[in-house]
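Next comes upload_15.tsv, with TSV, C-alpha atoms.
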chain	number	residue	atom	x	y	z
A	73	MET	CA	68.39	56.58	72.70
A	74	PRO	CA	66.05	55.66	75.59
A	75	ALA	CA	66.73	56.26	79.26
A	76	LYS	CA	68.68	53.59	81.11
A	77	LYS	CA	68.65	52.13	84.62
A	78	VAL	CA	71.90	51.31	86.43
A	79	ARG	CA	72.05	49.27	89.63
A	80	ILE	CA	74.34	50.51	92.42
A	81	ARG	CA	77.05	48.05	93.46
A	82	ASP	CA	77.94	47.42	97.10
A	83	ASP	CA	81.26	49.25	96.71
A	84	GLU	CA	79.42	52.34	95.40
A	85	ALA	CA	76.88	52.50	98.24
A	86	GLY	CA	76.91	55.60	100.42
A	87	GLN	CA	78.16	57.99	97.76
A	88	ARG	CA	76.33	61.21	96.96
A	89	ILE	CA	74.52	60.94	93.64
A	90	ASP	CA	76.21	64.06	92.21
A	91	ARG	CA	79.68	62.69	93.01
A	92	TRP	CA	78.80	59.24	91.67
A	93	LEU	CA	77.68	60.86	88.42
A	94	LYS	CA	80.84	62.97	88.14
A	95	THR	CA	83.01	59.88	88.63
A	96	ARG	CA	81.05	57.91	86.03
A	97	PHE	CA	80.90	60.77	83.52
A	98	PRO	CA	84.08	62.84	83.96
A	99	SER	CA	83.65	64.52	80.56
A	100	ILE	CA	80.34	66.10	81.65
A	101	GLY	CA	80.57	69.40	83.49
A	102	PHE	CA	79.40	69.44	87.10
A	103	GLY	CA	76.96	72.26	86.28
A	104	GLN	CA	75.32	70.19	83.55
A	105	LEU	CA	74.90	67.23	85.91
A	106	GLN	CA	73.36	69.52	88.53
A	107	LYS	CA	70.90	70.82	85.92
A	108	LEU	CA	69.83	67.27	85.02
A	109	LEU	CA	69.25	66.58	88.72
A	110	ARG	CA	67.24	69.76	89.22
A	111	ARG	CA	65.03	68.89	86.26
A	112	GLY	CA	64.26	65.48	87.74
A	113	GLU	CA	65.79	63.65	84.77
A	114	ILE	CA	67.90	61.52	87.10
A	115	ARG	CA	66.01	59.34	89.56
A	116	ILE	CA	66.78	56.88	92.34
A	117	ASP	CA	64.31	53.98	92.53
A	118	GLY	CA	61.83	56.05	90.55
A	119	LYS	CA	62.03	59.16	92.76
A	120	ARG	CA	63.57	62.52	91.92
A	121	ALA	CA	67.14	62.61	93.17
A	122	ARG	CA	68.47	65.53	95.18
A	123	PRO	CA	72.13	66.35	94.43
A	124	ASP	CA	73.13	65.36	97.99
A	125	ALA	CA	71.10	62.11	98.07
A	126	ARG	CA	73.10	59.08	99.21
A	127	LEU	CA	73.02	55.94	97.06
A	128	PRO	CA	71.93	52.72	98.82
A	129	ALA	CA	73.34	49.40	97.62
A	130	GLY	CA	71.11	47.80	95.01
A	131	ALA	CA	69.26	51.00	94.15
A	132	GLU	CA	68.36	51.71	90.54
A	133	VAL	CA	69.50	55.02	89.08
A	134	ARG	CA	67.65	56.24	86.01
A	135	LEU	CA	69.97	57.92	83.51
A	136	PRO	CA	68.41	60.25	80.91
A	137	PRO	CA	69.18	59.56	77.23
A	138	VAL	CA	72.16	61.93	77.08
A	139	LEU	CA	73.90	60.03	79.90
A	140	ALA	CA	72.62	56.61	78.80
A	141	ALA	CA	74.41	56.99	75.45
A	142	LEU	CA	77.66	57.89	77.19
A	143	ASP	CA	77.27	54.99	79.60
A	144	ASP	CA	76.75	52.49	76.77
A	145	ALA	CA	79.85	53.79	75.03
A	146	ARG	CA	81.81	53.49	78.27
A	147	GLU	CA	80.71	49.86	78.76
A	148	LYS	CA	81.70	48.79	75.24
A	149	GLY	CA	85.34	48.96	76.18
A	150	ALA	CA	87.86	50.29	78.63
A	151	PRO	CA	88.79	53.95	78.33
A	152	PRO	CA	91.56	54.50	75.79
A	153	ALA	CA	95.06	54.25	77.17
A	154	LEU	CA	96.99	57.45	77.66
A	155	PRO	CA	99.03	58.35	74.56
A	156	ALA	CA	102.73	57.68	75.09
A	157	LYS	CA	103.61	61.38	75.35
A	158	GLU	CA	100.83	62.05	77.85
A	159	ARG	CA	101.75	58.96	79.88
A	160	ALA	CA	105.37	60.10	80.05
A	161	PHE	CA	104.24	63.52	81.27
A	162	PHE	CA	101.99	61.92	83.91
A	163	GLU	CA	104.88	59.75	85.13
A	164	SER	CA	107.19	62.78	85.27
A	165	ARG	CA	104.80	64.54	87.67
A	166	LYS	CA	104.78	61.75	90.28
A	167	LEU	CA	106.25	62.63	93.66
A	168	TYR	CA	105.23	59.38	95.40
A	169	GLU	CA	103.49	56.10	94.59
A	170	ASP	CA	102.75	52.84	96.37
A	171	ASP	CA	100.02	50.18	96.18
A	172	TRP	CA	97.43	52.57	97.57
A	173	LEU	CA	98.36	56.16	96.69
A	174	ILE	CA	99.75	58.43	94.00
A	175	VAL	CA	100.94	61.95	94.81
A	176	LEU	CA	101.42	64.31	91.86
A	177	ASN	CA	103.04	67.69	91.41
A	178	LYS	CA	100.25	69.23	89.32
A	179	PRO	CA	101.43	71.90	86.91
A	180	ALA	CA	99.78	75.31	86.85
A	181	GLY	CA	97.22	75.56	84.08
A	182	LEU	CA	96.12	71.91	84.18
A	183	ALA	CA	92.53	71.40	85.33
A	184	VAL	CA	91.80	68.70	87.90
A	185	GLN	CA	88.38	67.90	86.43
A	186	GLY	CA	86.78	68.38	83.03
A	187	GLY	CA	84.16	70.92	82.11
A	188	SER	CA	82.91	72.90	79.18
A	189	GLY	CA	85.73	73.10	76.64
A	190	THR	CA	88.19	71.27	78.94
A	191	THR	CA	89.43	67.99	77.47
A	192	ARG	CA	92.85	67.67	79.14
A	193	HIS	CA	92.61	67.23	82.89
A	194	VAL	CA	93.80	64.98	85.72
A	195	ASP	CA	90.50	63.09	85.88
A	196	ALA	CA	90.98	61.96	82.27
A	197	TRP	CA	94.36	60.51	83.26
A	198	LEU	CA	92.69	58.57	86.06
A	199	ALA	CA	89.96	57.22	83.78
A	200	ALA	CA	92.62	55.90	81.42
A	201	LEU	CA	94.34	54.09	84.31
A	202	GLU	CA	91.22	52.19	85.41
A	203	ALA	CA	91.85	49.07	83.29
A	204	GLU	CA	95.51	48.94	84.27
A	205	LEU	CA	94.90	49.23	88.03
A	206	GLY	CA	91.65	47.24	88.20
A	207	ALA	CA	89.78	50.18	89.74
A	208	ARG	CA	89.51	53.82	88.88
A	209	PRO	CA	91.86	56.02	90.94
A	210	ARG	CA	90.05	58.79	92.79
A	211	LEU	CA	90.89	62.37	93.64
A	212	VAL	CA	91.15	62.91	97.38
A	213	HIS	CA	91.06	66.71	97.14
A	214	ARG	CA	91.30	69.39	94.46
A	215	LEU	CA	93.43	72.32	93.36
A	216	ASP	CA	92.40	75.27	91.21
A	217	ARG	CA	93.43	75.00	87.58
A	218	ASP	CA	96.06	77.73	87.99
A	219	THR	CA	97.43	76.50	91.33
A	220	SER	CA	100.42	74.18	91.09
A	221	GLY	CA	101.66	71.57	93.50
A	222	ILE	CA	100.70	68.54	95.53
A	223	LEU	CA	97.63	66.54	94.54
A	224	VAL	CA	96.79	63.30	96.37
A	225	ILE	CA	95.10	60.44	94.50
A	226	ALA	CA	93.79	57.18	95.99
A	227	LYS	CA	93.85	53.93	94.03
A	228	SER	CA	90.56	52.72	95.52
A	229	ARG	CA	87.31	54.19	96.79
A	230	GLY	CA	87.93	52.96	100.33
A	231	ILE	CA	91.29	54.71	100.60
A	232	ALA	CA	89.79	57.86	99.07
A	233	ALA	CA	86.96	57.83	101.63
A	234	GLU	CA	89.37	57.39	104.56
A	235	LEU	CA	91.64	60.19	103.40
A	236	GLY	CA	88.60	62.36	102.68
A	237	ARG	CA	87.58	62.01	106.33
A	238	ARG	CA	91.07	63.02	107.44
A	239	PHE	CA	91.09	66.07	105.19
A	240	ALA	CA	87.71	67.06	106.62
A	241	THR	CA	88.93	66.74	110.22
A	242	ARG	CA	92.16	68.67	109.51
A	243	ALA	CA	94.35	65.68	110.33
A	244	VAL	CA	96.32	66.52	107.19
A	245	ARG	CA	98.94	69.29	107.31
A	246	LYS	CA	99.04	71.41	104.15
A	247	ILE	CA	101.43	74.25	103.36
A	248	TYR	CA	101.22	76.55	100.36
A	249	TRP	CA	103.77	79.05	99.13
A	250	ALA	CA	102.76	82.27	97.41
A	251	VAL	CA	104.23	85.55	96.25
A	252	VAL	CA	102.04	88.51	97.16
A	253	HIS	CA	101.96	92.23	96.52
A	254	GLY	CA	103.28	94.32	99.41
A	255	ILE	CA	104.36	93.23	102.87
A	256	PRO	CA	101.65	92.04	105.29
A	257	ARG	CA	101.63	93.65	108.75
A	258	PRO	CA	101.99	91.91	111.10
A	259	LYS	CA	104.26	89.50	109.30
A	260	GLN	CA	102.37	86.51	110.63
A	261	GLY	CA	98.81	86.03	111.72
A	262	LEU	CA	95.43	84.36	111.28
A	263	VAL	CA	92.85	85.42	108.71
A	264	GLU	CA	89.45	84.37	110.02
A	265	GLU	CA	87.01	85.64	107.40
A	266	PRO	CA	83.93	83.67	106.26
A	267	LEU	CA	83.48	83.38	102.51
A	268	VAL	CA	80.45	83.57	100.23
A	269	LYS	CA	79.92	82.87	96.55
A	270	VAL	CA	78.59	85.90	94.67
A	271	ARG	CA	77.54	86.78	91.15
A	272	THR	CA	78.82	90.01	89.66
A	273	ARG	CA	78.81	91.48	86.17
A	274	ASP	CA	82.03	89.55	85.55
A	275	GLY	CA	80.55	86.21	86.62
A	276	GLU	CA	80.70	84.12	89.78
A	277	ARG	CA	83.48	84.44	92.33
A	278	MET	CA	84.17	84.05	96.03
A	279	ALA	CA	84.20	87.04	98.35
A	280	PRO	CA	84.68	87.92	102.02
A	281	ALA	CA	81.30	87.74	103.74
A	282	SER	CA	81.99	91.07	105.45
A	283	ALA	CA	82.88	92.87	102.22
A	284	PRO	CA	81.18	91.48	99.11
A	285	PRO	CA	81.63	93.49	95.88
A	286	PRO	CA	79.12	96.36	95.49
A	287	GLY	CA	76.00	95.20	93.73
A	288	ALA	CA	76.94	91.52	93.94
A	289	ARG	CA	74.22	88.93	94.36
A	290	LEU	CA	74.89	86.46	97.17
A	291	LEU	CA	74.58	82.85	96.04
A	292	THR	CA	75.52	81.02	99.26
A	293	GLU	CA	75.42	81.45	102.99
A	294	PRO	CA	78.73	82.47	104.64
A	295	GLN	CA	81.09	79.54	105.20
A	296	PRO	CA	83.73	79.72	107.96
A	297	ALA	CA	87.27	80.02	106.57
A	298	LYS	CA	90.60	80.27	108.41
A	299	THR	CA	94.11	80.74	107.03
A	300	ARG	CA	97.37	81.16	108.90
A	301	TYR	CA	100.05	83.12	107.08
A	302	ALA	CA	103.70	83.97	107.67
A	303	VAL	CA	106.08	86.14	105.67
A	304	LEU	CA	109.18	84.07	104.90
A	305	GLN	CA	111.03	86.79	103.02
A	306	ALA	CA	110.19	90.32	101.88
A	307	GLY	CA	111.57	92.77	99.38
A	308	GLU	CA	111.14	96.54	99.37
A	309	THR	CA	111.69	97.33	95.67
A	310	PRO	CA	109.09	96.51	94.62
A	311	PRO	CA	107.28	95.76	97.89
A	312	ALA	CA	106.56	92.03	97.68
A	313	SER	CA	106.54	89.03	99.99
A	314	TRP	CA	107.07	85.32	99.81
A	315	VAL	CA	104.52	83.87	102.23
A	316	SER	CA	103.70	80.51	103.73
A	317	LEU	CA	99.96	79.78	103.92
A	318	LYS	CA	98.38	77.12	106.11
A	319	PRO	CA	94.62	76.71	105.59
A	320	THR	CA	92.68	75.14	108.43
A	321	THR	CA	89.53	75.03	106.30
A	322	GLY	CA	89.21	74.16	102.63
A	323	ARG	CA	86.92	76.68	100.92
A	324	THR	CA	87.00	77.44	97.20
A	325	HIS	CA	89.65	80.09	96.41
A	326	GLN	CA	90.18	80.55	100.16
A	327	LEU	CA	93.84	81.50	100.08
A	328	ARG	CA	93.40	83.81	97.11
A	329	VAL	CA	90.46	85.67	98.65
A	330	HIS	CA	92.01	85.89	102.12
A	331	MET	CA	95.24	87.41	100.83
A	332	ALA	CA	93.34	89.89	98.65
A	333	HIS	CA	91.17	90.73	101.67
A	334	LEU	CA	94.33	91.60	103.61
A	335	GLY	CA	95.28	93.96	100.79
A	336	HIS	CA	98.01	91.68	99.48
A	337	PRO	CA	96.68	89.80	96.43
A	338	ILE	CA	98.71	86.91	95.06
A	339	TYR	CA	100.90	87.70	92.07
A	340	GLY	CA	99.21	86.83	88.79
A	341	ASP	CA	95.73	86.31	90.28
A	342	ALA	CA	93.52	87.71	87.51
A	343	ARG	CA	90.30	87.22	89.47
A	344	TYR	CA	91.30	88.86	92.75
A	345	GLY	CA	93.53	91.76	91.77
A	346	GLY	CA	96.90	90.10	91.48
A	347	LEU	CA	97.65	91.19	87.91
A	348	GLU	CA	97.71	94.89	88.78
A	349	ASN	CA	101.16	96.53	88.97
A	350	LEU	CA	103.13	93.36	88.37
A	351	PRO	CA	106.86	94.15	88.19
A	352	GLU	CA	108.45	93.92	84.76
A	353	GLY	CA	109.66	90.40	84.01
A	354	VAL	CA	107.27	88.63	86.40
A	355	PRO	CA	105.25	85.90	84.57
A	356	ARG	CA	101.52	86.67	84.41
A	357	LYS	CA	100.65	83.37	86.09
A	358	LEU	CA	99.18	82.64	89.52
A	359	HIS	CA	102.00	82.43	92.07
A	360	LEU	CA	100.33	79.92	94.39
A	361	HIS	CA	101.89	76.51	94.97
A	362	ALA	CA	100.77	73.58	97.14
A	363	ARG	CA	104.25	73.10	98.55
A	364	ARG	CA	104.02	70.41	101.24
A	365	ILE	CA	101.65	67.84	102.69
A	366	ALA	CA	102.00	65.57	105.71
A	367	PHE	CA	99.61	62.86	106.86
A	368	GLU	CA	99.51	59.35	108.30
A	369	HIS	CA	99.34	56.68	105.61
A	370	PRO	CA	95.86	55.10	105.78
A	371	VAL	CA	97.26	51.54	105.48
A	372	THR	CA	100.86	51.44	106.74
A	373	GLY	CA	100.54	54.09	109.45
A	374	GLU	CA	103.76	55.69	108.21
A	375	VAL	CA	103.83	59.49	108.28
A	376	LEU	CA	104.20	60.72	104.72
A	377	ASP	CA	105.80	64.15	104.40
A	378	ILE	CA	106.00	65.18	100.76
A	379	THR	CA	107.34	68.37	99.19
A	380	ALA	CA	106.76	69.60	95.64
A	381	PRO	CA	109.46	71.66	93.87
A	382	LEU	CA	108.47	75.13	92.73
A	383	PRO	CA	107.15	75.58	89.18
A	384	ASP	CA	109.37	77.36	86.70
A	385	HIS	CA	107.39	80.63	86.70
A	386	MET	CA	107.73	80.97	90.48
A	387	ARG	CA	111.44	80.11	90.33
A	388	ARG	CA	111.94	82.95	87.87
A	389	THR	CA	110.06	85.36	90.12
A	390	PHE	CA	112.01	84.25	93.20
A	391	ALA	CA	115.24	84.94	91.32
A	392	LEU	CA	113.97	88.33	90.14
A	393	LEU	CA	112.95	89.39	93.67
A	394	GLY	CA	115.97	87.86	95.43
A	395	PHE	CA	114.04	85.22	97.40
A	396	ASP	CA	116.02	82.15	98.46
A	397	ALA	CA	113.79	79.05	98.52
A	398	SER	CA	116.53	76.97	100.19
A	399	ARG	CA	116.11	78.97	103.41
A	400	TYR	CA	112.80	77.32	104.26
A	401	GLU	CA	112.75	73.90	102.67
A	402	LYS	CA	110.20	72.59	105.21
A	403	SER	CA	108.13	75.72	105.88
How does this structure look as structure tokens?
Amino acid sequence: MPAKKVRIRDDEAGQRIDRWLKTRFPSIGFGQLQKLLRRGEIRIDGKRARPDARLPAGAEVRLPPVLAALDDAREKGAPPALPAKERAFFESRKLYEDDWLIVLNKPAGLAVQGGSGTTRHVDAWLAALEAELGARPRLVHRLDRDTSGILVIAKSRGIAAELGRRFATRAVRKIYWAVVHGIPRPKQGLVEEPLVKVRTRDGERMAPASAPPPGARLLTEPQPAKTRYAVLQAGETPPASWVSLKPTTGRTHQLRVHMAHLGHPIYGDARYGGLENLPEGVPRKLHLHARRIAFEHPVTGEVLDITAPLPDHMRRTFALLGFDASRYEKS
């Protein structure tokens, strides 16, 4: 299969090449796409493309044979429709929908995007909806695979871009709920700790810039990160807290690292110490839930304020620890 050239449409102009590639080839891992870019196998108007290069309208993107074959297969027909069972599950997770937006309650354990060995993910749902909606829906933001809760999806690129700008300027209010080990002191405060990506013997992870793991290799420069927290309810036996978390930045694993940095890792967090000393009967799943989001609708101007019910594993833990979720429905 030879390489292939694809011309950029007007509605695609301005996108970063790495994001354009990920949208066009959701089944290919982001790391693999980055490797193709680094090797110079993907070019814009004949020149090597940097991952952050912006695509001008009318530009020609050279796709190497491995992507050209996938692109030809994609153009031969629309993506297959979602199987009936999967479509019913997708519909059951909707919290809100109109002509411009879909808001889902993502279950814990479901990846947002595909990667090596990941075939079931939200992005595959969106690809299957492209023919039905006339355009491919786009993720506005992301959640970790093991984090449950609110995920906002735009039905067009323009709406996604507008909401992306609002997320970047913190015009969107986001509240997470978590169950953590111990009781933070003081019971409310601000964690202002920059984060770095590091490589350890156990692989890559995020870490506080001021306290990376011993022997870790730093992979990025420190990125500012701020999280406000408040204890909503605490229990002494065992010491545990239900906390509200309000990030004012959006770094990878920010809430998980910040709570671990305080000495109060999130229940079930295998990467940052949350599996240690779990009380008997507590599910070994991450207890982090994107509970609430509020923002101005990009078209109607209406203020949307959406809440996602707790996942079953957190409900069981709340019952076990005596936490009453009805006390703070809007916190």
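Residues within 9 Å of Arg229 of chain A, counting all atoms listed in the file and excluding same-chain residues fewer than 6 positions away, are Asp83, Glu84, Ala207, Arg208, Pro209 and Arg210 of chain A.
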Residue contacts of segment 268-277 of chain A (7 Å, only C-alpha atoms) excluding same-chain residues fewer than 4 positions away, as a PDB file with C-alpha atoms, keeping the file's coordinate frame:
ATOM      1  CA  ALA A 281      81.300  87.740 103.740  1.00  0.00           C
ATOM      2  CA  ALA A 288      76.940  91.520  93.940  1.00  0.00           C
ATOM      3  CA  ARG A 289      74.220  88.930  94.360  1.00  0.00           C
ATOM      4  CA  LEU A 290      74.890  86.460  97.170  1.00  0.00           C
ATOM      5  CA  LEU A 291      74.580  82.850  96.040  1.00  0.00           C
ATOM      6  CA  THR A 292      75.520  81.020  99.260  1.00  0.00           C
ATOM      7  CA  GLU A 293      75.420  81.450 102.990  1.00  0.00           C
ATOM      8  CA  PRO A 294      78.730  82.470 104.640  1.00  0.00           C
ATOM      9  CA  GLN A 295      81.090  79.540 105.200  1.00  0.00           C
TER      10      GLN A 295
END
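The shell of residues at most 12 Å from Arg111 of chain A, with all atoms listed in the file counted and near chain neighbours (fewer than 4 positions) removed, consists of Gln104, Leu105, Gln106, Lys107, Arg115, Arg120, Ala121, Arg122, Pro123 and Pro136 of chain A.
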For Arg159 of chain A, which residue out of A:Lys77, A:Leu198, A:Val244, A:Glu132 is the nearest one, using all atoms listed in the file? A:Leu198
Can you pull out every residue within 9 Å of segment 164-167 of chain A, counting all atoms listed in the file, but drop anything in the same chain fewer than 6 positions away, and send it as a ChimeraX atom specification? /A:174-179,222,378-380
Quick one: pull the distance between atom CA of Gly307 of chain A and atom CA of Glu265 of chain A, Å, one decimal. 26.8 Å
Since the input has fewer atoms than a full residue there, write segment 159-188 of chain A out with N, CA and C atoms, as a JSON list (two decimals), in the coordinates of the input.
[["chain", "number", "residue", "atom", "x", "y", "z"],
["A", 159, "ARG", "N", 101.38, 59.87, 78.79],
["A", 159, "ARG", "CA", 101.75, 58.96, 79.88],
["A", 159, "ARG", "C", 103.11, 59.34, 80.45],
["A", 160, "ALA", "N", 104.05, 59.69, 79.58],
["A", 160, "ALA", "CA", 105.37, 60.10, 80.05],
["A", 160, "ALA", "C", 105.28, 61.36, 80.90],
["A", 161, "PHE", "N", 104.40, 62.29, 80.49],
["A", 161, "PHE", "CA", 104.24, 63.52, 81.27],
["A", 161, "PHE", "C", 103.63, 63.20, 82.64],
["A", 162, "PHE", "N", 102.61, 62.34, 82.65],
["A", 162, "PHE", "CA", 101.99, 61.92, 83.91],
["A", 162, "PHE", "C", 103.03, 61.31, 84.84],
["A", 163, "GLU", "N", 103.85, 60.40, 84.31],
["A", 163, "GLU", "CA", 104.88, 59.75, 85.13],
["A", 163, "GLU", "C", 105.88, 60.77, 85.66],
["A", 164, "SER", "N", 106.20, 61.78, 84.85],
["A", 164, "SER", "CA", 107.19, 62.78, 85.27],
["A", 164, "SER", "C", 106.69, 63.65, 86.41],
["A", 165, "ARG", "N", 105.37, 63.70, 86.62],
["A", 165, "ARG", "CA", 104.80, 64.54, 87.67],
["A", 165, "ARG", "C", 104.63, 63.80, 88.99],
["A", 166, "LYS", "N", 104.96, 62.52, 89.05],
["A", 166, "LYS", "CA", 104.78, 61.75, 90.28],
["A", 166, "LYS", "C", 105.83, 62.13, 91.32],
["A", 167, "LEU", "N", 105.37, 62.39, 92.52],
["A", 167, "LEU", "CA", 106.25, 62.63, 93.66],
["A", 167, "LEU", "C", 106.34, 61.39, 94.56],
["A", 168, "TYR", "N", 105.28, 60.56, 94.51],
["A", 168, "TYR", "CA", 105.23, 59.38, 95.40],
["A", 168, "TYR", "C", 104.20, 58.41, 94.83],
["A", 169, "GLU", "N", 104.48, 57.12, 94.97],
["A", 169, "GLU", "CA", 103.49, 56.10, 94.59],
["A", 169, "GLU", "C", 103.75, 54.83, 95.37],
["A", 170, "ASP", "N", 102.67, 54.18, 95.81],
["A", 170, "ASP", "CA", 102.75, 52.84, 96.37],
["A", 170, "ASP", "C", 101.51, 52.08, 95.92],
["A", 171, "ASP", "N", 101.17, 50.99, 96.60],
["A", 171, "ASP", "CA", 100.02, 50.18, 96.18],
["A", 171, "ASP", "C", 98.68, 50.88, 96.42],
["A", 172, "TRP", "N", 98.69, 51.95, 97.18],
["A", 172, "TRP", "CA", 97.43, 52.57, 97.57],
["A", 172, "TRP", "C", 97.29, 54.03, 97.13],
["A", 173, "LEU", "N", 98.40, 54.71, 96.91],
["A", 173, "LEU", "CA", 98.36, 56.16, 96.69],
["A", 173, "LEU", "C", 99.26, 56.59, 95.54],
["A", 174, "ILE", "N", 98.89, 57.69, 94.92],
["A", 174, "ILE", "CA", 99.75, 58.43, 94.00],
["A", 174, "ILE", "C", 99.72, 59.89, 94.45],
["A", 175, "VAL", "N", 100.87, 60.52, 94.50],
["A", 175, "VAL", "CA", 100.94, 61.95, 94.81],
["A", 175, "VAL", "C", 101.62, 62.63, 93.63],
["A", 176, "LEU", "N", 100.92, 63.60, 93.04],
["A", 176, "LEU", "CA", 101.42, 64.31, 91.86],
["A", 176, "LEU", "C", 101.84, 65.73, 92.21],
["A", 177, "ASN", "N", 102.74, 66.27, 91.41],
["A", 177, "ASN", "CA", 103.04, 67.69, 91.41],
["A", 177, "ASN", "C", 102.30, 68.29, 90.21],
["A", 178, "LYS", "N", 101.07, 68.74, 90.43],
["A", 178, "LYS", "CA", 100.25, 69.23, 89.32],
["A", 178, "LYS", "C", 100.81, 70.54, 88.77],
["A", 179, "PRO", "N", 100.95, 70.63, 87.47],
["A", 179, "PRO", "CA", 101.43, 71.90, 86.91],
["A", 179, "PRO", "C", 100.34, 72.97, 86.90],
["A", 180, "ALA", "N", 100.74, 74.21, 87.00],
["A", 180, "ALA", "CA", 99.78, 75.31, 86.85],
["A", 180, "ALA", "C", 99.18, 75.27, 85.45],
["A", 181, "GLY", "N", 97.89, 75.54, 85.37],
["A", 181, "GLY", "CA", 97.22, 75.56, 84.08],
["A", 181, "GLY", "C", 96.53, 74.27, 83.71],
["A", 182, "LEU", "N", 96.78, 73.18, 84.44],
["A", 182, "LEU", "CA", 96.12, 71.91, 84.18],
["A", 182, "LEU", "C", 94.93, 71.75, 85.10],
["A", 183, "ALA", "N", 93.75, 71.57, 84.52],
["A", 183, "ALA", "CA", 92.53, 71.40, 85.33],
["A", 183, "ALA", "C", 92.55, 70.04, 86.02],
["A", 184, "VAL", "N", 91.94, 69.97, 87.19],
["A", 184, "VAL", "CA", 91.80, 68.70, 87.90],
["A", 184, "VAL", "C", 90.65, 67.90, 87.32],
["A", 185, "GLN", "N", 89.54, 68.57, 87.00],
["A", 185, "GLN", "CA", 88.38, 67.90, 86.43],
["A", 185, "GLN", "C", 87.96, 68.60, 85.15],
["A", 186, "GLY", "N", 87.24, 67.85, 84.30],
["A", 186, "GLY", "CA", 86.78, 68.38, 83.03],
["A", 186, "GLY", "C", 85.59, 69.30, 83.20],
["A", 187, "GLY", "N", 85.30, 70.01, 82.15],
["A", 187, "GLY", "CA", 84.16, 70.92, 82.11],
["A", 187, "GLY", "C", 83.97, 71.38, 80.69],
["A", 188, "SER", "N", 83.17, 72.39, 80.51],
["A", 188, "SER", "CA", 82.91, 72.90, 79.18],
["A", 188, "SER", "C", 84.21, 73.35, 78.51]]
